[in-house]
Structures are given as C-alpha cells and as structure tokens.
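Data block for upload39.tsv (TSV, C-alpha atoms):
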```tsv
chain	number	residue	atom	x	y	z
A	110	MET	CA	27.56	121.61	166.44
A	111	GLY	CA	25.03	119.05	165.30
A	112	LEU	CA	25.74	115.55	164.12
A	113	ALA	CA	25.15	116.43	160.46
A	114	LYS	CA	27.54	119.33	160.68
A	115	GLU	CA	30.31	117.09	162.09
A	116	PHE	CA	29.87	114.91	159.04
A	117	THR	CA	29.61	117.58	156.35
A	118	LYS	CA	32.54	119.69	157.57
A	119	GLY	CA	34.90	117.01	156.23
A	120	LEU	CA	33.35	117.28	152.78
A	121	TRP	CA	33.97	120.96	152.12
A	122	SER	CA	34.86	123.43	154.86
A	123	ASP	CA	37.49	121.13	156.46
A	124	ILE	CA	38.24	118.81	153.52
A	125	PRO	CA	41.57	117.27	154.66
A	126	PRO	CA	44.03	117.45	151.73
A	127	PHE	CA	43.00	120.91	150.54
A	128	ARG	CA	42.08	122.78	153.74
A	129	PHE	CA	44.59	121.24	156.13
A	130	VAL	CA	47.12	120.06	153.53
A	131	LEU	CA	47.35	116.74	155.42
A	132	GLY	CA	47.75	113.27	153.93
A	133	ILE	CA	49.56	114.61	150.88
A	134	CYS	CA	51.70	111.53	150.26
A	135	PRO	CA	48.81	109.25	149.15
A	136	THR	CA	47.03	112.24	147.56
A	137	LEU	CA	49.94	112.73	145.17
A	138	ALA	CA	50.94	109.10	144.72
A	139	CYS	CA	47.57	107.34	144.45
A	140	SER	CA	45.82	109.74	142.11
A	141	THR	CA	47.10	108.55	138.73
A	142	THR	CA	43.88	106.64	138.04
A	143	VAL	CA	40.38	107.12	139.40
A	144	LYS	CA	40.20	103.45	140.42
A	145	ASP	CA	43.32	103.72	142.62
A	146	GLY	CA	42.22	107.03	144.08
A	147	PHE	CA	38.77	105.71	144.95
A	148	GLY	CA	40.23	102.52	146.47
A	149	MET	CA	42.74	104.47	148.53
A	150	GLY	CA	39.97	106.79	149.72
A	151	LEU	CA	37.80	103.90	150.90
A	152	CYS	CA	40.75	102.26	152.69
A	153	LEU	CA	41.47	105.48	154.55
A	154	THR	CA	37.79	106.05	155.35
A	155	PHE	CA	37.63	102.64	157.01
A	156	VAL	CA	40.78	103.27	159.03
A	157	VAL	CA	39.86	106.77	160.17
A	158	ALA	CA	36.27	105.82	161.08
A	159	GLY	CA	37.39	102.62	162.85
A	160	SER	CA	40.17	104.24	164.83
A	161	ASN	CA	37.87	107.13	165.80
A	162	ILE	CA	35.36	104.63	167.21
A	163	ILE	CA	37.91	102.71	169.28
A	164	ILE	CA	39.76	105.78	170.49
A	165	SER	CA	36.51	107.49	171.43
A	166	LEU	CA	35.53	104.40	173.45
A	167	LEU	CA	38.92	104.17	175.14
A	168	LYS	CA	39.54	107.88	175.72
A	169	LYS	CA	38.85	107.65	179.47
A	170	VAL	CA	41.20	104.67	179.87
A	171	ILE	CA	44.14	105.94	177.81
A	172	PRO	CA	46.60	107.93	179.97
A	173	ASP	CA	47.71	111.25	178.55
A	174	GLN	CA	51.44	110.45	178.63
A	175	VAL	CA	51.22	107.40	176.33
A	176	ARG	CA	48.27	108.46	174.20
A	177	ILE	CA	50.19	108.70	170.91
A	178	ALA	CA	51.55	105.16	171.30
A	179	CYS	CA	48.05	103.90	172.05
A	180	PHE	CA	46.60	105.74	169.04
A	181	ILE	CA	49.26	104.30	166.75
A	182	ALA	CA	48.62	100.76	168.03
A	183	VAL	CA	44.90	101.11	167.31
A	184	ILE	CA	45.49	102.74	163.89
A	185	ALA	CA	48.06	100.10	162.91
A	186	THR	CA	45.55	97.38	163.77
A	187	PHE	CA	42.99	98.86	161.41
A	188	VAL	CA	45.60	99.30	158.69
A	189	VAL	CA	46.59	95.64	158.90
A	190	ILE	CA	42.91	94.70	158.68
A	191	VAL	CA	42.62	96.80	155.50
A	192	GLU	CA	45.80	95.24	154.11
A	193	LEU	CA	44.54	91.70	154.70
A	194	ALA	CA	41.06	92.53	153.44
A	195	THR	CA	42.30	94.09	150.19
A	196	GLN	CA	44.54	91.08	149.64
A	197	ALA	CA	41.63	88.74	150.20
A	198	PHE	CA	38.92	90.58	148.27
A	199	ALA	CA	40.56	93.11	145.94
A	200	TYR	CA	43.95	91.68	145.09
A	201	GLU	CA	44.41	93.87	142.01
A	202	LEU	CA	43.84	97.01	144.07
A	203	TYR	CA	46.34	95.68	146.61
A	204	LEU	CA	48.93	95.20	143.87
A	205	SER	CA	48.45	98.68	142.43
A	206	LEU	CA	48.39	100.55	145.77
A	207	GLY	CA	51.29	98.49	147.11
A	208	ILE	CA	53.29	100.22	149.83
A	209	PHE	CA	50.73	103.00	150.24
A	210	ILE	CA	48.33	100.77	152.17
A	211	PRO	CA	50.77	100.11	155.08
A	212	LEU	CA	51.73	103.80	154.91
A	213	ILE	CA	48.22	104.77	156.08
A	214	VAL	CA	49.61	104.12	159.59
A	215	VAL	CA	51.57	107.36	159.42
A	216	ASN	CA	48.86	109.32	157.60
A	217	CYS	CA	48.39	112.60	159.44
A	218	ILE	CA	44.65	112.69	158.79
A	219	VAL	CA	44.09	109.55	160.88
A	220	LEU	CA	46.35	110.52	163.78
A	221	GLY	CA	45.14	114.11	163.51
A	222	ARG	CA	41.49	113.15	163.93
A	223	ALA	CA	42.33	110.80	166.81
A	224	GLU	CA	44.26	113.53	168.61
A	225	ALA	CA	42.14	116.55	167.74
A	226	PHE	CA	38.66	115.07	167.80
A	227	ALA	CA	38.01	111.50	168.97
A	228	SER	CA	40.11	111.71	172.14
A	229	LYS	CA	38.47	114.94	173.34
A	230	ALA	CA	36.08	114.44	176.27
A	231	ARG	CA	33.50	116.84	174.83
A	232	ASN	CA	32.95	114.77	171.66
A	233	PRO	CA	30.65	111.74	172.19
A	234	LEU	CA	30.99	108.49	170.24
A	235	HIS	CA	28.44	109.20	167.52
A	236	TYR	CA	30.09	112.56	166.80
A	237	SER	CA	33.43	110.81	166.40
A	238	ILE	CA	31.94	108.32	163.93
A	239	ALA	CA	30.38	111.16	161.91
A	240	ASP	CA	33.67	113.06	161.96
A	241	GLY	CA	35.67	110.00	160.84
A	242	LEU	CA	33.29	109.17	158.01
A	243	GLY	CA	33.14	112.80	156.89
A	244	MET	CA	36.92	113.15	156.82
A	245	GLY	CA	37.29	109.83	154.99
A	246	PHE	CA	34.71	110.75	152.36
A	247	GLY	CA	36.25	114.20	151.98
A	248	PHE	CA	39.61	112.57	151.35
A	249	THR	CA	38.01	110.18	148.85
A	250	ILE	CA	36.35	113.05	146.99
A	251	SER	CA	39.66	114.96	146.82
A	252	LEU	CA	41.51	111.93	145.48
A	253	VAL	CA	38.83	111.12	142.91
A	254	ALA	CA	38.73	114.74	141.72
A	255	MET	CA	42.49	114.88	141.32
A	256	ALA	CA	42.66	111.44	139.76
A	257	ALA	CA	39.86	112.25	137.33
A	258	PHE	CA	41.76	115.29	136.07
A	259	ARG	CA	45.07	113.41	135.85
A	260	GLU	CA	43.56	110.32	134.23
A	261	ILE	CA	41.31	112.07	131.71
A	262	PHE	CA	43.94	114.51	130.45
A	263	GLY	CA	47.03	112.42	131.20
A	264	LYS	CA	45.79	109.12	129.78
A	265	GLY	CA	42.54	109.88	127.96
A	266	THR	CA	40.61	107.37	130.07
A	267	PHE	CA	38.21	107.37	133.02
A	268	TRP	CA	38.00	104.32	135.33
A	269	GLY	CA	40.00	102.50	132.64
A	270	TYR	CA	37.58	103.31	129.78
A	271	HIS	CA	38.59	105.46	126.83
A	272	ILE	CA	36.52	108.61	126.77
A	273	MET	CA	38.54	111.10	124.75
A	274	TRP	CA	38.22	111.35	120.96
A	275	SER	CA	40.57	109.26	118.86
A	276	GLY	CA	43.70	111.16	117.96
A	277	PHE	CA	43.71	112.87	121.36
A	278	GLU	CA	47.31	113.20	122.46
A	279	PRO	CA	47.45	112.67	126.27
A	280	PHE	CA	49.51	115.04	128.43
A	281	THR	CA	51.66	112.28	129.92
A	282	PHE	CA	53.25	114.92	132.17
A	283	LEU	CA	50.10	114.77	134.32
A	284	GLN	CA	50.66	111.08	135.03
A	285	LYS	CA	54.16	111.71	136.39
A	286	PRO	CA	54.99	112.93	139.95
A	287	PRO	CA	55.62	116.58	138.89
A	288	GLY	CA	52.18	116.57	137.25
A	289	ALA	CA	50.70	115.53	140.59
A	290	PHE	CA	52.25	118.56	142.28
A	291	ALA	CA	51.03	120.87	139.53
A	292	VAL	CA	47.45	119.57	139.69
A	293	PHE	CA	47.47	119.67	143.48
A	294	GLY	CA	48.70	123.27	143.50
A	295	LEU	CA	46.09	124.34	140.97
A	296	MET	CA	43.25	122.69	142.90
A	297	LEU	CA	44.49	124.20	146.16
A	298	GLY	CA	44.47	127.63	144.51
A	299	ILE	CA	40.95	127.17	143.16
A	300	MET	CA	39.73	125.97	146.57
A	301	ASN	CA	41.18	129.06	148.23
A	302	LEU	CA	39.57	131.26	145.62
A	303	PHE	CA	36.09	129.97	146.40
A	304	GLY	CA	36.22	129.25	150.12
A	305	GLU	CA	37.58	131.44	152.87
A	306	LYS	CA	41.19	130.68	153.56
A	307	LYS	CA	41.77	128.84	156.82
A	308	GLU	CA	44.01	130.58	159.29
A	309	MET	CA	46.25	127.86	160.59
B	102	MET	CA	56.20	104.08	190.45
B	103	ARG	CA	52.51	103.19	190.54
B	104	GLU	CA	51.90	105.73	187.77
B	105	ILE	CA	54.51	104.21	185.46
B	106	LEU	CA	53.08	100.77	186.12
B	107	ARG	CA	49.62	102.02	185.19
B	108	LEU	CA	50.87	103.45	181.88
B	109	ALA	CA	52.64	100.19	181.04
B	110	VAL	CA	49.61	98.08	181.88
B	111	VAL	CA	47.21	100.18	179.80
B	112	LEU	CA	49.52	100.30	176.77
B	113	ALA	CA	50.30	96.60	177.03
B	114	SER	CA	46.64	95.62	177.30
B	115	ILE	CA	45.73	97.74	174.27
B	116	CYS	CA	48.52	96.09	172.27
B	117	ILE	CA	47.49	92.60	173.43
B	118	GLY	CA	43.90	93.38	172.47
B	119	CYS	CA	45.02	94.53	169.01
B	120	ALA	CA	47.22	91.45	168.54
B	121	PHE	CA	44.42	89.14	169.61
B	122	PHE	CA	42.02	90.76	167.17
B	123	LEU	CA	44.55	90.64	164.30
B	124	THR	CA	45.20	86.94	164.91
B	125	PHE	CA	41.51	86.38	164.37
B	126	VAL	CA	41.40	88.48	161.15
B	127	ARG	CA	44.54	86.79	159.83
B	128	GLY	CA	43.00	83.38	160.40
B	129	ALA	CA	39.78	84.40	158.70
B	130	THR	CA	41.45	85.75	155.55
B	131	LYS	CA	44.39	83.33	155.17
B	132	ASP	CA	42.80	80.81	152.81
B	133	ARG	CA	41.11	83.50	150.80
B	134	ILE	CA	44.41	85.39	150.28
B	135	GLU	CA	46.19	82.24	149.14
B	136	TYR	CA	43.35	81.57	146.72
B	137	GLN	CA	43.55	85.14	145.33
B	138	LYS	CA	47.31	84.91	144.84
B	139	ILE	CA	47.01	81.64	142.99
B	140	LYS	CA	44.03	82.86	140.97
B	141	LEU	CA	45.71	86.04	139.72
B	142	LEU	CA	49.36	85.00	139.46
B	143	VAL	CA	49.42	81.25	138.83
B	144	ALA	CA	46.05	80.57	137.24
B	145	PRO	CA	46.74	82.12	133.82
B	146	ALA	CA	49.82	79.87	133.49
B	147	VAL	CA	47.93	76.77	134.62
B	148	LYS	CA	45.03	77.41	132.26
B	149	ALA	CA	47.35	77.77	129.29
B	150	VAL	CA	49.03	74.40	129.74
B	151	LEU	CA	46.15	72.12	130.73
B	152	PRO	CA	43.97	70.23	128.22
B	153	SER	CA	40.31	71.30	127.88
B	154	TYR	CA	38.64	70.69	131.24
B	155	ASP	CA	35.29	71.44	132.87
B	156	ASN	CA	36.26	71.64	136.54
B	157	ASP	CA	38.06	74.38	138.49
B	158	PRO	CA	41.68	73.16	138.74
B	159	ILE	CA	42.58	76.13	140.96
B	160	PHE	CA	39.91	75.35	143.53
B	161	GLU	CA	40.56	71.60	143.45
B	162	ARG	CA	44.33	71.91	143.81
B	163	ILE	CA	46.03	69.17	145.82
B	164	LYS	CA	49.15	69.44	147.92
B	165	VAL	CA	51.41	66.43	147.26
B	166	LYS	CA	54.18	65.69	149.71
B	167	ILE	CA	57.28	64.53	147.84
B	168	SER	CA	59.67	64.47	150.78
B	169	GLU	CA	59.83	65.97	154.26
B	170	GLU	CA	60.63	69.48	153.02
B	171	LYS	CA	59.18	69.43	149.49
B	172	ILE	CA	55.48	69.89	148.86
B	173	VAL	CA	54.17	70.38	145.32
B	174	THR	CA	50.82	71.98	144.51
B	175	VAL	CA	49.14	69.94	141.78
B	176	PHE	CA	46.30	71.32	139.64
B	177	PRO	CA	44.05	68.54	138.31
B	178	ALA	CA	42.16	68.92	135.01
B	179	LYS	CA	38.95	66.90	134.88
B	180	LYS	CA	36.35	66.33	132.23
B	181	GLY	CA	33.02	64.78	133.21
B	182	GLY	CA	34.50	64.01	136.63
B	183	LYS	CA	37.38	62.02	135.14
B	184	LEU	CA	40.98	63.09	135.62
B	185	ILE	CA	42.55	63.82	132.22
B	186	GLY	CA	45.68	65.79	133.03
B	187	ILE	CA	47.65	67.55	135.73
B	188	GLY	CA	49.61	70.78	136.05
B	189	TYR	CA	52.37	71.57	138.52
B	190	ALA	CA	55.52	73.66	138.71
B	191	GLY	CA	59.17	72.70	138.32
B	192	ILE	CA	61.98	75.04	139.32
B	193	GLY	CA	65.22	75.76	137.47
B	194	THR	CA	68.02	78.18	138.32
B	195	GLY	CA	68.45	81.04	135.88
B	196	HIS	CA	70.69	84.09	135.58
B	197	GLY	CA	68.70	86.19	138.05
B	198	GLY	CA	67.37	83.52	140.40
B	199	PRO	CA	64.82	80.71	140.34
B	200	VAL	CA	62.67	80.24	137.25
B	201	GLU	CA	59.32	78.61	137.97
B	202	VAL	CA	58.00	76.59	135.05
B	203	MET	CA	54.41	75.33	134.94
B	204	LEU	CA	54.05	71.92	133.29
B	205	GLY	CA	50.88	70.52	131.79
B	206	LEU	CA	50.97	66.73	131.56
B	207	THR	CA	48.76	63.88	130.45
B	208	LEU	CA	48.29	61.00	132.87
B	209	GLU	CA	50.91	59.04	130.90
B	210	GLY	CA	53.46	61.75	131.64
B	211	LYS	CA	53.53	63.35	128.21
B	212	ILE	CA	54.03	67.14	128.13
B	213	LEU	CA	51.03	69.05	126.76
B	214	GLY	CA	52.59	72.47	127.18
B	215	ILE	CA	54.79	74.56	129.42
B	216	ASN	CA	54.71	78.12	130.64
B	217	VAL	CA	56.92	80.32	132.82
B	218	VAL	CA	55.13	81.45	136.00
B	219	SER	CA	57.78	83.62	137.62
B	220	HIS	CA	61.37	84.58	136.93
B	221	ALA	CA	63.88	87.39	137.54
B	222	GLU	CA	65.76	87.30	134.22
B	223	THR	CA	67.15	90.36	132.43
B	224	PRO	CA	64.32	92.16	130.60
B	225	GLY	CA	64.77	92.11	126.84
B	226	ILE	CA	67.43	89.39	126.81
B	227	GLY	CA	66.60	86.71	129.36
B	228	THR	CA	62.91	87.22	128.71
B	229	LEU	CA	63.27	86.14	125.05
B	230	PRO	CA	62.85	82.38	125.68
B	231	VAL	CA	60.18	83.09	128.32
B	232	GLU	CA	58.01	84.73	125.66
B	233	SER	CA	59.06	82.64	122.67
B	234	LYS	CA	56.25	80.29	121.60
B	235	GLU	CA	58.75	78.50	119.40
B	236	PHE	CA	61.13	77.76	122.25
B	237	LEU	CA	58.43	76.72	124.72
B	238	GLY	CA	56.71	74.64	122.02
B	239	GLN	CA	59.76	72.37	121.71
B	240	PHE	CA	58.83	70.65	124.96
B	241	LYS	CA	55.45	69.48	123.69
B	242	GLY	CA	55.19	65.70	123.51
B	243	LYS	CA	58.32	65.03	125.54
B	244	THR	CA	58.30	62.47	128.37
B	245	LEU	CA	60.43	61.61	131.37
B	246	ASP	CA	62.76	59.58	129.16
B	247	SER	CA	63.46	62.40	126.70
B	248	ASP	CA	66.96	63.81	126.44
B	249	PHE	CA	66.33	67.42	127.49
B	250	GLY	CA	69.96	68.44	127.18
B	251	GLY	CA	70.42	67.39	123.56
B	252	GLU	CA	67.04	67.84	121.92
B	253	VAL	CA	66.16	71.34	123.10
B	254	GLN	CA	67.37	74.21	120.94
B	255	ALA	CA	68.31	77.16	123.18
B	256	VAL	CA	67.53	80.76	122.22
B	257	SER	CA	70.81	82.40	121.21
B	258	GLY	CA	71.84	85.20	123.54
B	259	ALA	CA	69.80	83.75	126.36
B	260	THR	CA	71.48	80.39	126.90
B	261	GLU	CA	71.34	80.60	130.67
B	262	THR	CA	67.61	81.29	130.77
B	263	SER	CA	66.97	78.59	128.15
B	264	THR	CA	68.93	76.12	130.27
B	265	ALA	CA	67.04	77.21	133.40
B	266	ILE	CA	63.68	76.57	131.73
B	267	THR	CA	64.91	73.18	130.48
B	268	GLU	CA	66.15	72.38	133.97
B	269	GLY	CA	62.79	73.39	135.43
B	270	VAL	CA	61.04	71.03	133.02
B	271	SER	CA	63.36	68.06	133.60
B	272	GLU	CA	63.32	68.58	137.39
B	273	GLY	CA	59.54	68.76	137.23
B	274	MET	CA	59.38	65.58	135.14
B	275	LYS	CA	61.42	63.70	137.74
B	276	LEU	CA	58.64	64.37	140.26
B	277	PHE	CA	55.98	62.89	137.97
B	278	PRO	CA	56.19	59.21	139.07
B	279	LYS	CA	55.88	60.21	142.73
B	280	ILE	CA	53.02	62.61	142.07
B	281	LYS	CA	51.19	60.04	140.00
B	282	GLU	CA	51.35	57.53	142.84
B	283	LYS	CA	49.61	59.96	145.17
B	284	ILE	CA	46.71	61.21	143.03
```
Serialized structure, structure tokens:
Amino acid sequence: MGLAKEFTKGLWSDIPPFRFVLGICPTLACSTTVKDGFGMGLCLTFVVAGSNIIISLLKKVIPDQVRIACFIAVIATFVVIVELATQAFAYELYLSLGIFIPLIVVNCIVLGRAEAFASKARNPLHYSIADGLGMGFGFTISLVAMAAFREIFGKGTFWGYHIMWSGFEPFTFLQKPPGAFAVFGLMLGIMNLFGEKKEM
Amino acid sequence: MREILRLAVVLASICIGCAFFLTFVRGATKDRIEYQKIKLLVAPAVKAVLPSYDNDPIFERIKVKISEEKIVTVFPAKKGGKLIGIGYAGIGTGHGGPVEVMLGLTLEGKILGINVVSHAETPGIGTLPVESKEFLGQFKGKTLDSDFGGEVQAVSGATETSTAITEGVSEGMKLFPKIKEKI
C-alpha cells in the first residue's frame, strides 16, 4: 500500500468509530456540540499520531512480553501533554471535555493502532505517521458529523450559533445519552448501507 | 534471569524517559495554566469590584506574604500608572464549605464592592445572597472599623451563607493593613 492509501483508509474504508466500532465512549459523550466533538477529535489525533511515531521508533527495542505496558506509558505521556496543553491554551475546552481527556489513555483506537500497525516491523515510520493522522482525522470527522446532527436538531445551533428558524422546537432527546446511541446506530446503519460491511 | 532483567530495564528506561519529558512540559505550561485559571474563574469577579482602571490587574497580580503559611494574591487597579485600588479575596465558612469573597478596596481601605468567587452552598437557597445585588451592595463604603455583625442585614432563609459572606469580608478587611504595608 502506498503512503496516501495509509492515510486515506482512516477517513472512509477503516474510519474507526463506524467501521471498527472502537473509541465509542468519547464518540457518544463528546458529541453534544460540534465544538466539543472537534476539540476531542484534535486531541485524539495528536495522541494517536504522537504515540505511533514513538512506538514505531522504539519497536525494535520494546520486548514482546512487556509491549502493552510500554505502549500505555508512551500513550499516557501524550495524553498528559494534551491535558496540560488544553489547560494552558484552551481552558474552556478543557472544562467542557473534563474527564474525557484523561480517558484517551484507554481509548482503543490509540492502543489498537500501536498494536496493529505502528509496532509491526513491516510498517516504516512515515507509514505509521500517515496511519495515525488518518485515523485521528477519521475520528474527528465522525465526531463532527454526529455532533452536527445532535447539535442542529437537538439544540438548533451549530458551533454555538443559532441557525434554525425562530419557533423551531429542538428535539432535546438528541442531546441526552439515549439520543447519542440512537444517532450512532442510525449512522452505523447508513455507513453499512453504502460501504461493504467489514468482516471482523 | 538475564531476560527478566532486560525487560525491566527497557520498561524502566521508557518510563523514566516519559517522566523526564513530562517534567519539562509541566514546567513550560505551569505559569500559563495558572494564568488561564485566574483569567477565566477569578477575573470576572475581580473586574466587577475594582474601580475603573487602565492596566491589566490579572497580569500584574502580586503575591503578598501575610504569615509563614498565608499568601494572598492581590490584584492592583491602576490608572495612568498610579495605584487607585486593590482587589483580593477573603474566606468565610459557609454551610457547604469555604466561601471565597473578592473585595474591591480603595487605598484608604473603603469597600468599593464585593463579589463571591467560589462557594459550595445549596443551590436555590444558599445561592440567594450570593446573587443578591441588594445584599452584596450593603458592604459598599464600609471600612475596617465597621460593625459587620450588626449593620449587615442577612437574607432570610440563608442566614448561614449570609454570615459566611460577612465573615469573608471582615476576615479580608483584617488583612488590609498588612497588605497595604507591602504594596
């Protein structure tokens, strides 16, 4: 596979939340507003790309028996960097994402890419970077798409701005956790309708 | 044995590397994080109680050491480079925990206005005096010598919170002579 293909597979054919159904916790919880969804997506992109780089560089050094512990140490480092950086430069985002930033440590997308892609001997460094960025952007796109639907119809706003006509009665159900499951299920169904279903 | 040792060494060195790197990041962002916290949580309260100023009281904040364990952050208000007032917090004990009250004072120690920065009072009941302009307005013009116990009219139903705010103000006022010496 070429470099471009490693990048673009994360955007459609292997888009993490919908094709692999991984990283569902932040997908459901951080998609009430487009702003939160976009912020969460960027945080995860940084972590997955960063950890892919380091793990790809260290893959010859890391012994097989303790690889998961090593991966988690590297991932946790990047997550703490994100946590400190959002506190320093985007404090409002940090307040609204709250506990979900530290929870990126246990996000299956990050560990999954480290285990299934970056640590494999056949994948060179630049492929790992492309893969990490692709997966991160794919996750961001999924979150923004879900958040857009939930925010527009559940609140009548987009990125905090009112866009629906006055007198529009928002479906507040969409803003609540059950609404997240409903939207996620619908989008998953639509995705499967248009793309070939992945055999897991 | 050698194999186990190798695993331990690799894992330990990766962790040490991570810790070393994080120490660096932590150091680089520490001041900036403190500034953000003050800007978004404390600043609105400070701005509401200070007289009209043309400097940045948040950026020019001073740490005043009152005693060995007590350090107060003072926000100076300046106009044309001249100090015209200060803001700092006093703490009272309310129903749900500490109540932090921001005081705005003239250089003579007269209260310009007060504002509650943080509290853990019962929503709907204990928050009444916190939001009441009438209650908070009573403190305007008072000085260190004022009788806070007798002159302040508490909000009925929220006596404890009212007392906590009053306590925060009078405790804060007691610090004024010491703070004035140092700025």
_Rounded to one decimal, what separation in Å do you get between CA of Phe303 (chain A) and CA of Glu260 (chain A)?_
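Separation between CA of Phe303 (chain A) and CA of Glu260 (chain A): 24.3 Å.
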*Provide as a PyMOL selection string the residues of chain A at most 8 Å from chain B, counting only C-alpha atoms.*
chain A and resi 170-172+174-175+178-179+182-183+186+189-190+193-194+196-198+200
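Distance-wise, CA of Gln254 (chain B) and CA of Val218 (chain B) end up 20.7 Å apart.
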*Between B:Gly214, B:Glu161, B:Gly197, B:Asp155, which one has atoms that come closest to Ile185 (chain B), using all atoms listed in the file?*
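Of all the options, B:Asp155 lies closest to Ile185 (chain B).
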_Interatomic distance (Å, one decimal) between CA of Gln284 (chain A) and CA of Thr141 (chain A)_ =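 CA of Gln284 (chain A) sits 5.7 Å away from CA of Thr141 (chain A).
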*Give as a ChimeraX atom specification every residue, naming chains and numbers as the document does, that has an atom within 8 Å of (31.7, 113.4, 157.1), counting all atoms listed in the file.*
/A:113,115-120,239-247
*Could you tell me which of B:Pro278, B:Gly181, B:Gly238, B:Gly193 comes closest to Ile215 (chain B) if we count only C-alpha atoms?*
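Nearest to Ile215 (chain B): B:Gly238.
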*asked:* Please list as number ranges by chain every residue within 12 Å of region 289-300 of chain A, counting only C-alpha atoms and excluding residues in the same chain fewer than 5 positions away.
replied: A: 121-130, 133-142, 251-252, 254-260, 262-263, 281-284, 305-307
Given the selection you just returned, output its residues as a file containing C-alpha atoms, formatted as a PDB file, in the coordinates of the input.
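Full text of result.pdb as output:
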```
ATOM      1  CA  TRP A 121      33.970 120.960 152.120  1.00  0.00           C
ATOM      2  CA  SER A 122      34.860 123.430 154.860  1.00  0.00           C
ATOM      3  CA  ASP A 123      37.490 121.130 156.460  1.00  0.00           C
ATOM      4  CA  ILE A 124      38.240 118.810 153.520  1.00  0.00           C
ATOM      5  CA  PRO A 125      41.570 117.270 154.660  1.00  0.00           C
ATOM      6  CA  PRO A 126      44.030 117.450 151.730  1.00  0.00           C
ATOM      7  CA  PHE A 127      43.000 120.910 150.540  1.00  0.00           C
ATOM      8  CA  ARG A 128      42.080 122.780 153.740  1.00  0.00           C
ATOM      9  CA  PHE A 129      44.590 121.240 156.130  1.00  0.00           C
ATOM     10  CA  VAL A 130      47.120 120.060 153.530  1.00  0.00           C
ATOM     11  CA  ILE A 133      49.560 114.610 150.880  1.00  0.00           C
ATOM     12  CA  CYS A 134      51.700 111.530 150.260  1.00  0.00           C
ATOM     13  CA  PRO A 135      48.810 109.250 149.150  1.00  0.00           C
ATOM     14  CA  THR A 136      47.030 112.240 147.560  1.00  0.00           C
ATOM     15  CA  LEU A 137      49.940 112.730 145.170  1.00  0.00           C
ATOM     16  CA  ALA A 138      50.940 109.100 144.720  1.00  0.00           C
ATOM     17  CA  CYS A 139      47.570 107.340 144.450  1.00  0.00           C
ATOM     18  CA  SER A 140      45.820 109.740 142.110  1.00  0.00           C
ATOM     19  CA  THR A 141      47.100 108.550 138.730  1.00  0.00           C
ATOM     20  CA  THR A 142      43.880 106.640 138.040  1.00  0.00           C
ATOM     21  CA  SER A 251      39.660 114.960 146.820  1.00  0.00           C
ATOM     22  CA  LEU A 252      41.510 111.930 145.480  1.00  0.00           C
ATOM     23  CA  ALA A 254      38.730 114.740 141.720  1.00  0.00           C
ATOM     24  CA  MET A 255      42.490 114.880 141.320  1.00  0.00           C
ATOM     25  CA  ALA A 256      42.660 111.440 139.760  1.00  0.00           C
ATOM     26  CA  ALA A 257      39.860 112.250 137.330  1.00  0.00           C
ATOM     27  CA  PHE A 258      41.760 115.290 136.070  1.00  0.00           C
ATOM     28  CA  ARG A 259      45.070 113.410 135.850  1.00  0.00           C
ATOM     29  CA  GLU A 260      43.560 110.320 134.230  1.00  0.00           C
ATOM     30  CA  PHE A 262      43.940 114.510 130.450  1.00  0.00           C
ATOM     31  CA  GLY A 263      47.030 112.420 131.200  1.00  0.00           C
ATOM     32  CA  THR A 281      51.660 112.280 129.920  1.00  0.00           C
ATOM     33  CA  PHE A 282      53.250 114.920 132.170  1.00  0.00           C
ATOM     34  CA  LEU A 283      50.100 114.770 134.320  1.00  0.00           C
ATOM     35  CA  GLN A 284      50.660 111.080 135.030  1.00  0.00           C
ATOM     36  CA  GLU A 305      37.580 131.440 152.870  1.00  0.00           C
ATOM     37  CA  LYS A 306      41.190 130.680 153.560  1.00  0.00           C
ATOM     38  CA  LYS A 307      41.770 128.840 156.820  1.00  0.00           C
TER      39      LYS A 307
END
```
*Nearest to Ala227 (chain A) by atom-to-atom distance, counting all atoms listed in the file, from A:Leu302, A:Leu112, A:Val157, A:Leu131*: A:Val157
*Looking at all atoms listed in the file, which of A:Ile238, A:Pro211, A:Leu153, A:Lys169 is the one that sits closest to Phe226 (chain A)?*
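For Phe226 (chain A), the nearest of the given residues is A:Ile238.
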Listed atoms of region 260-269 of chain B boxed axis-aligned with 4 Å per side, centre + edges as lines of an AutoDock Vina configuration file:
```
center_x = 67.1
center_y = 76.8
center_z = 131.2
size_x = 16.7
size_y = 16.9
size_z = 16.5
```
*With all atoms listed in the file as the atoms that count, which of A:Glu278, A:His271, A:Pro286, A:Val253 lies nearest to Val143 (chain A)?*
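Of the candidates, the smallest distance to Val143 (chain A) is held by A:Val253.
Distance annotation: of B:Leu151, B:Ile163, B:Ala146, B:Ile192, the residue with the minimal separation from Leu213 (chain B) is B:Leu151; atom set is only C-alpha atoms.
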Tell me which protein, DNA and RNA residues are within 12 Å of Gly198 (chain B), counting only C-alpha atoms, leaving out same-chain ones fewer than 4 positions away, and put them as an mmCIF file with C-alpha atoms, in the coordinates of the input.
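File written: around_23.cif
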```cif
data_model
loop_
_atom_site.group_PDB
_atom_site.id
_atom_site.type_symbol
_atom_site.label_atom_id
_atom_site.label_comp_id
_atom_site.auth_asym_id
_atom_site.auth_seq_id
_atom_site.Cartn_x
_atom_site.Cartn_y
_atom_site.Cartn_z
ATOM 1 C CA ILE B 192 61.980 75.040 139.320
ATOM 2 C CA GLY B 193 65.220 75.760 137.470
ATOM 3 C CA THR B 194 68.020 78.180 138.320
ATOM 4 C CA SER B 219 57.780 83.620 137.620
ATOM 5 C CA HIS B 220 61.370 84.580 136.930
ATOM 6 C CA ALA B 221 63.880 87.390 137.540
ATOM 7 C CA GLU B 222 65.760 87.300 134.220
ATOM 8 C CA THR B 223 67.150 90.360 132.430
ATOM 9 C CA GLY B 227 66.600 86.710 129.360
ATOM 10 C CA GLU B 261 71.340 80.600 130.670
ATOM 11 C CA THR B 262 67.610 81.290 130.770
ATOM 12 C CA ALA B 265 67.040 77.210 133.400
ATOM 13 C CA ILE B 266 63.680 76.570 131.730
#
```
*Fewer than 5 positions away in the same chain doesn't count, so skip those; otherwise give me all residues within 12 Å of Ile272 (chain A), counting all atoms listed in the file, as a ChimeraX atom specification.*
/A:257,260-262,264-267,277,279
What would the file look like if the residues just selected were written as a JSON list (two decimals), in the coordinates of the input with C-alpha atoms?
```json
[["chain", "number", "residue", "atom", "x", "y", "z"],
["A", 257, "ALA", "CA", 39.86, 112.25, 137.33],
["A", 260, "GLU", "CA", 43.56, 110.32, 134.23],
["A", 261, "ILE", "CA", 41.31, 112.07, 131.71],
["A", 262, "PHE", "CA", 43.94, 114.51, 130.45],
["A", 264, "LYS", "CA", 45.79, 109.12, 129.78],
["A", 265, "GLY", "CA", 42.54, 109.88, 127.96],
["A", 266, "THR", "CA", 40.61, 107.37, 130.07],
["A", 267, "PHE", "CA", 38.21, 107.37, 133.02],
["A", 277, "PHE", "CA", 43.71, 112.87, 121.36],
["A", 279, "PRO", "CA", 47.45, 112.67, 126.27]]
```
